[in-house]
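Coordinates from start-v4.txt are shown below (compact mmCIF, C-alpha atoms).
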```txt
# COMPACT_ATOMS: atom_id res chain seq x y z
CA THR A 9 0.00 0.00 0.00
CA GLN A 10 2.61 2.55 1.00
CA ASN A 11 4.36 2.16 -2.39
CA ALA A 12 1.26 2.85 -4.51
CA ARG A 13 1.08 6.07 -6.53
CA LEU A 14 -2.73 6.07 -6.63
CA ILE A 15 -5.03 4.63 -3.98
CA ILE A 16 -8.77 4.47 -4.59
CA MET A 17 -10.88 3.73 -1.53
CA TRP A 18 -14.17 2.49 -2.94
CA GLY A 19 -17.11 2.22 -0.55
CA GLY A 20 -15.20 2.42 2.71
CA ASN A 21 -14.12 4.59 5.60
CA PRO A 22 -10.82 3.11 6.80
CA ILE A 23 -10.23 5.93 9.27
CA ALA A 24 -13.13 4.47 11.26
CA SER A 25 -12.91 0.81 10.28
CA ASN A 26 -9.25 -0.04 9.64
CA LEU A 27 -6.64 2.24 11.18
CA HIS A 28 -3.79 -0.13 10.31
CA PHE A 29 -4.60 0.25 6.61
CA TRP A 30 -5.15 4.01 6.98
CA MET A 31 -1.67 4.44 8.49
CA ARG A 32 -0.17 2.84 5.37
CA VAL A 33 -2.34 5.07 3.16
CA GLN A 34 -0.97 8.11 4.98
CA GLU A 35 2.56 6.88 4.40
CA ALA A 36 1.79 6.52 0.68
CA LYS A 37 0.33 10.04 0.68
CA ARG A 38 3.53 11.41 2.24
CA ASN A 39 5.41 9.59 -0.55
CA GLY A 40 3.33 11.43 -3.17
CA ALA A 41 0.38 9.08 -3.75
CA LYS A 42 -2.94 10.52 -4.81
CA LEU A 43 -5.93 9.42 -2.71
CA ILE A 44 -9.44 9.15 -4.12
CA ALA A 45 -12.59 8.17 -2.23
CA ILE A 46 -15.56 6.76 -4.13
CA ASP A 47 -18.55 6.76 -1.80
CA PRO A 48 -22.02 8.34 -1.73
CA TYR A 49 -21.29 9.41 1.84
CA ARG A 50 -18.71 12.10 2.61
CA SER A 51 -16.91 10.26 5.40
CA LEU A 52 -13.90 11.46 7.35
CA THR A 53 -11.80 9.35 4.96
CA ALA A 54 -13.33 11.12 1.96
CA GLU A 55 -12.53 14.48 3.53
CA LYS A 56 -8.85 13.50 3.87
CA CYS A 57 -8.52 12.41 0.23
CA HIS A 58 -7.45 14.55 -2.71
CA GLN A 59 -10.78 13.81 -4.40
CA HIS A 60 -14.17 12.53 -3.31
CA ILE A 61 -16.45 11.07 -5.98
CA ALA A 62 -19.97 10.96 -4.54
CA LEU A 63 -21.78 8.59 -6.88
CA LEU A 64 -25.38 7.60 -6.24
CA PRO A 65 -25.83 4.52 -4.00
CA GLY A 66 -25.81 1.23 -5.89
CA THR A 67 -24.23 2.60 -9.08
CA ASP A 68 -20.75 1.14 -8.57
CA SER A 69 -21.14 -1.29 -11.49
CA ALA A 70 -22.01 1.52 -13.87
CA LEU A 71 -18.95 3.51 -12.80
CA ALA A 72 -16.66 0.49 -13.27
CA LEU A 73 -18.12 -0.13 -16.75
CA GLY A 74 -17.56 3.52 -17.66
CA LEU A 75 -13.99 3.42 -16.41
CA MET A 76 -13.35 0.33 -18.54
CA HIS A 77 -14.93 2.10 -21.54
CA VAL A 78 -12.49 5.00 -21.22
CA LEU A 79 -9.48 2.76 -20.53
CA ILE A 80 -10.21 0.83 -23.74
CA ARG A 81 -11.10 3.91 -25.82
CA GLU A 82 -7.92 5.75 -24.76
CA ASP A 83 -5.80 2.57 -25.04
CA LEU A 84 -4.64 2.86 -21.44
CA LEU A 85 -4.23 -0.91 -21.36
CA ASP A 86 -1.49 -3.38 -20.61
CA HIS A 87 -1.95 -5.54 -23.70
CA ASP A 88 0.68 -8.08 -22.63
CA TYR A 89 -1.00 -8.60 -19.25
CA ILE A 90 -4.43 -8.93 -20.86
CA ALA A 91 -3.15 -11.49 -23.39
CA GLU A 92 -1.32 -13.58 -20.81
CA TYR A 93 -3.56 -13.50 -17.76
CA THR A 94 -7.14 -12.78 -18.81
CA LEU A 95 -9.94 -14.36 -20.79
CA GLY A 96 -12.85 -12.69 -22.58
CA PHE A 97 -11.35 -9.31 -23.41
CA GLU A 98 -13.13 -9.02 -26.78
CA GLN A 99 -16.49 -9.74 -25.14
CA LEU A 100 -15.72 -7.20 -22.44
CA ARG A 101 -14.82 -4.59 -25.07
CA GLU A 102 -18.22 -5.14 -26.71
CA ARG A 103 -20.05 -4.98 -23.37
CA VAL A 104 -18.51 -1.72 -22.19
CA ALA A 105 -18.87 0.06 -25.56
CA GLU A 106 -22.35 1.27 -24.59
CA TRP A 107 -21.17 2.63 -21.20
CA THR A 108 -19.99 6.03 -22.37
CA PRO A 109 -18.94 8.61 -19.79
CA GLU A 110 -22.14 10.52 -20.53
CA ARG A 111 -24.33 7.50 -19.81
CA VAL A 112 -22.38 6.67 -16.66
CA ALA A 113 -22.66 10.29 -15.50
CA GLU A 114 -26.43 10.14 -15.83
CA VAL A 115 -26.70 6.82 -13.96
CA CYS A 116 -24.21 7.70 -11.22
CA GLY A 117 -25.13 11.35 -10.66
CA ILE A 118 -21.62 12.63 -11.38
CA SER A 119 -20.14 14.47 -14.35
CA ALA A 120 -18.81 12.72 -17.45
CA ASP A 121 -15.55 14.60 -16.92
CA VAL A 122 -15.11 12.94 -13.52
CA VAL A 123 -15.45 9.51 -15.18
CA VAL A 124 -12.92 10.38 -17.87
CA GLN A 125 -10.40 11.94 -15.49
CA LEU A 126 -10.60 9.05 -13.02
CA ALA A 127 -10.07 6.49 -15.79
CA LYS A 128 -7.20 8.45 -17.31
CA GLY A 129 -5.48 8.91 -13.95
CA TYR A 130 -5.85 5.22 -13.19
CA GLY A 131 -4.73 4.08 -16.63
CA GLU A 132 -1.79 6.47 -16.85
CA CYS A 133 -0.38 4.98 -13.63
CA GLY A 134 -0.19 1.66 -15.46
CA LYS A 135 1.39 3.22 -18.54
CA ARG A 136 4.11 4.75 -16.33
CA GLY A 137 4.70 1.40 -14.61
CA GLU A 138 3.47 2.72 -11.26
CA ALA A 139 1.35 0.83 -8.76
CA SER A 140 -2.30 1.72 -8.37
CA MET A 141 -4.51 0.14 -5.74
CA ILE A 142 -8.25 -0.12 -5.27
CA ARG A 143 -9.43 -0.88 -1.75
CA MET A 144 -13.07 -1.98 -1.74
CA ASN A 145 -15.07 -2.15 1.43
CA TYR A 146 -18.55 -3.04 2.59
CA GLY A 147 -20.19 -0.07 0.87
CA VAL A 148 -19.72 -1.86 -2.46
CA GLN A 149 -20.88 -5.20 -1.08
CA ARG A 150 -24.14 -4.23 0.62
CA VAL A 151 -26.38 -3.29 -2.31
CA HIS A 152 -28.36 -5.11 -5.00
CA GLY A 153 -25.93 -6.39 -7.64
CA ASP A 154 -22.96 -6.15 -5.30
CA GLY A 155 -21.27 -9.32 -6.51
CA MET A 156 -21.24 -8.06 -10.09
CA ALA A 157 -19.95 -4.67 -8.95
CA VAL A 158 -16.98 -6.31 -7.23
CA ARG A 159 -16.35 -8.46 -10.30
CA LYS A 160 -16.33 -5.40 -12.56
CA ILE A 161 -14.05 -3.39 -10.27
CA VAL A 162 -11.56 -6.28 -10.16
CA TRP A 163 -11.32 -6.12 -13.96
CA LEU A 164 -9.80 -2.63 -13.75
CA PRO A 165 -6.32 -3.74 -12.56
CA ALA A 166 -6.44 -6.62 -15.04
CA LEU A 167 -6.81 -4.12 -17.87
CA THR A 168 -3.99 -1.87 -16.71
CA GLY A 169 -1.64 -4.54 -15.40
CA ALA A 170 -1.80 -3.15 -11.87
CA TRP A 171 -1.63 -6.72 -10.56
CA ARG A 172 2.06 -6.75 -11.58
CA HIS A 173 2.94 -4.60 -8.56
CA ALA A 174 3.04 -5.70 -4.93
CA ALA A 175 1.25 -2.44 -4.02
CA GLY A 176 -1.21 -2.72 -6.92
CA GLY A 177 -4.42 -4.49 -7.81
CA THR A 178 -7.47 -4.63 -5.56
CA GLN A 179 -8.10 -5.50 -1.98
CA LEU A 180 -11.47 -6.46 -0.57
CA SER A 181 -11.96 -6.20 3.16
```
Would you kindly transcribe this structure into C-alpha cells?
Amino acid sequence: TQNARLIIMWGGNPIASNLHFWMRVQEAKRNGAKLIAIDPYRSLTAEKCHQHIALLPGTDSALALGLMHVLIREDLLDHDYIAEYTLGFEQLRERVAEWTPERVAEVCGISADVVVQLAKGYGECGKRGEASMIRMNYGVQRVHGDGMAVRKIVWLPALTGAWRHAAGGTQLS
C-alpha cells in the first residue's frame, strides 16, 4: 500500500474501520500518492482524500463499466497482461462500448468529466509502470448487484496490469 502512486478507496471509511490500513495510506500520501474516495457518503476518509467522488448509491457497477470504456477507448491498457492473464477481453470490449462517460454520469449522478479523469489517472499509472490500488469495502458489497460490482471493479487492474505490482491491484476487506 505505501508504495502505490494512486489509492482508490471504494465504498469504505478506513479511518473508522481499519486504522492499520489508513496508516499505510498516509505513508503513501507522504510519498506522493494521490488518494481518491468513491462513496455516496462524505466520510472522514473522503474528507482526507485529494478527491471525493460521490456517486449515487448502488451505481458502482455503472462507474466500473464507464472506467473500462475509457481505458479501452484511450488505449490505457497493458496488452501483454491482458493477453497472458485474462480471458474474454473481446467480449468485455463489446459490453462496455455502450457505457460512455455521458451514460455513466447520468446513472451515477456525477459528471462525465469525472469519469474520464478518473479512468485516465488510473490508466496512466499503469502506462508509467506505477502501482495503483483499489481498496473496496462493505459499501460496495451491501447493495443489490454487489457481486457483479466487485467483479467489474476487479477487472480494472487486469486491464492496466496493476496486478504486476506488490502495491497494486485490488483489496477487498
Using all atoms listed in the file, determine which residues lie at most 10 Å from Lys42 (chain A), disregarding the query and same-chain residues fewer than 5 positions distant; provide the list as a PDB file with C-alpha atoms, in the frame of the given file.
```
ATOM      1  CA  ALA A  12       1.260   2.850  -4.510  1.00  0.00           C
ATOM      2  CA  ARG A  13       1.080   6.070  -6.530  1.00  0.00           C
ATOM      3  CA  LEU A  14      -2.730   6.070  -6.630  1.00  0.00           C
ATOM      4  CA  ILE A  15      -5.030   4.630  -3.980  1.00  0.00           C
ATOM      5  CA  ILE A  16      -8.770   4.470  -4.590  1.00  0.00           C
ATOM      6  CA  VAL A  33      -2.340   5.070   3.160  1.00  0.00           C
ATOM      7  CA  ALA A  36       1.790   6.520   0.680  1.00  0.00           C
ATOM      8  CA  LYS A  37       0.330  10.040   0.680  1.00  0.00           C
ATOM      9  CA  CYS A  57      -8.520  12.410   0.230  1.00  0.00           C
ATOM     10  CA  HIS A  58      -7.450  14.550  -2.710  1.00  0.00           C
ATOM     11  CA  GLN A  59     -10.780  13.810  -4.400  1.00  0.00           C
ATOM     12  CA  GLY A 129      -5.480   8.910 -13.950  1.00  0.00           C
ATOM     13  CA  SER A 140      -2.300   1.720  -8.370  1.00  0.00           C
TER      14      SER A 140
END
```
Tell me, as an MDAnalysis selection string, which residues lie within 10 Å of Val162 (chain A), counting all atoms listed in the file; anything in the same chain fewer than 6 positions away does not count.
chainID A and resid 72 142 144 156 171 177:180
Selection file, C-alpha atoms, as a PDB file, in the frame of the given file:
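And here's part.pdb as it stands now:
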```pdb
ATOM      1  CA  ALA A  72     -16.660   0.490 -13.270  1.00  0.00           C
ATOM      2  CA  ILE A 142      -8.250  -0.120  -5.270  1.00  0.00           C
ATOM      3  CA  MET A 144     -13.070  -1.980  -1.740  1.00  0.00           C
ATOM      4  CA  MET A 156     -21.240  -8.060 -10.090  1.00  0.00           C
ATOM      5  CA  TRP A 171      -1.630  -6.720 -10.560  1.00  0.00           C
ATOM      6  CA  GLY A 177      -4.420  -4.490  -7.810  1.00  0.00           C
ATOM      7  CA  THR A 178      -7.470  -4.630  -5.560  1.00  0.00           C
ATOM      8  CA  GLN A 179      -8.100  -5.500  -1.980  1.00  0.00           C
ATOM      9  CA  LEU A 180     -11.470  -6.460  -0.570  1.00  0.00           C
TER      10      LEU A 180
END
```
Check the smallest atom-to-atom distance from each of A:Arg111, A:Arg50, A:His173, A:Arg159 to Val123 (chain A) using only C-alpha atoms, then report the winner.
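Comparing A:Arg111, A:Arg50, A:His173, A:Arg159 against Val123 (chain A), the winner is A:Arg111.
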From the list A:Ile23, A:Ala157, A:Ala170, A:Ala120, the nearest residue to Ser69 (chain A) using only C-alpha atoms is A:Ala157
Length of the CA of Asn145 (chain A) to CA of Gly19 (chain A) vector [Å]
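We find that CA of Asn145 (chain A) and CA of Gly19 (chain A) lie 5.2 Å from each other.
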Determine, counting only C-alpha atoms, which protein, DNA and RNA residues have an atom within 12 Å of an atom of Leu164 (chain A); residues of the same chain fewer than 5 positions away are not included. Present the result as a VMD selection string.
chain A and resid 16 69 71 to 80 84 to 86 89 to 90 94 97 100 126 to 128 130 to 131 134 140 to 142 157 to 159 169 to 171 176 to 178
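The shortest atom-to-atom distance to Ala91 (chain A), with only C-alpha atoms taken into account, belongs to A:Ala166 out of A:Ala166, A:Val115, A:Ile44, A:Met31.
Going from CA of Arg143 (chain A) over to CA of Glu114 (chain A), you cover 24.7 Å.
Checking A:Ile46, A:Asn21, A:Leu167, A:Gly155 one by one against Glu98 (chain A), counting all atoms listed in the file, you find the shortest gap at A:Leu167.
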Pick out the closest residue to Pro165 (chain A) from this set: A:Ser51, A:Asp121, A:Trp107, A:Tyr93. Count all atoms listed in the file.
A:Tyr93
Interatomic distance between CA of Asp47 (chain A) and CA of Ala62 (chain A)?
5.2 Å
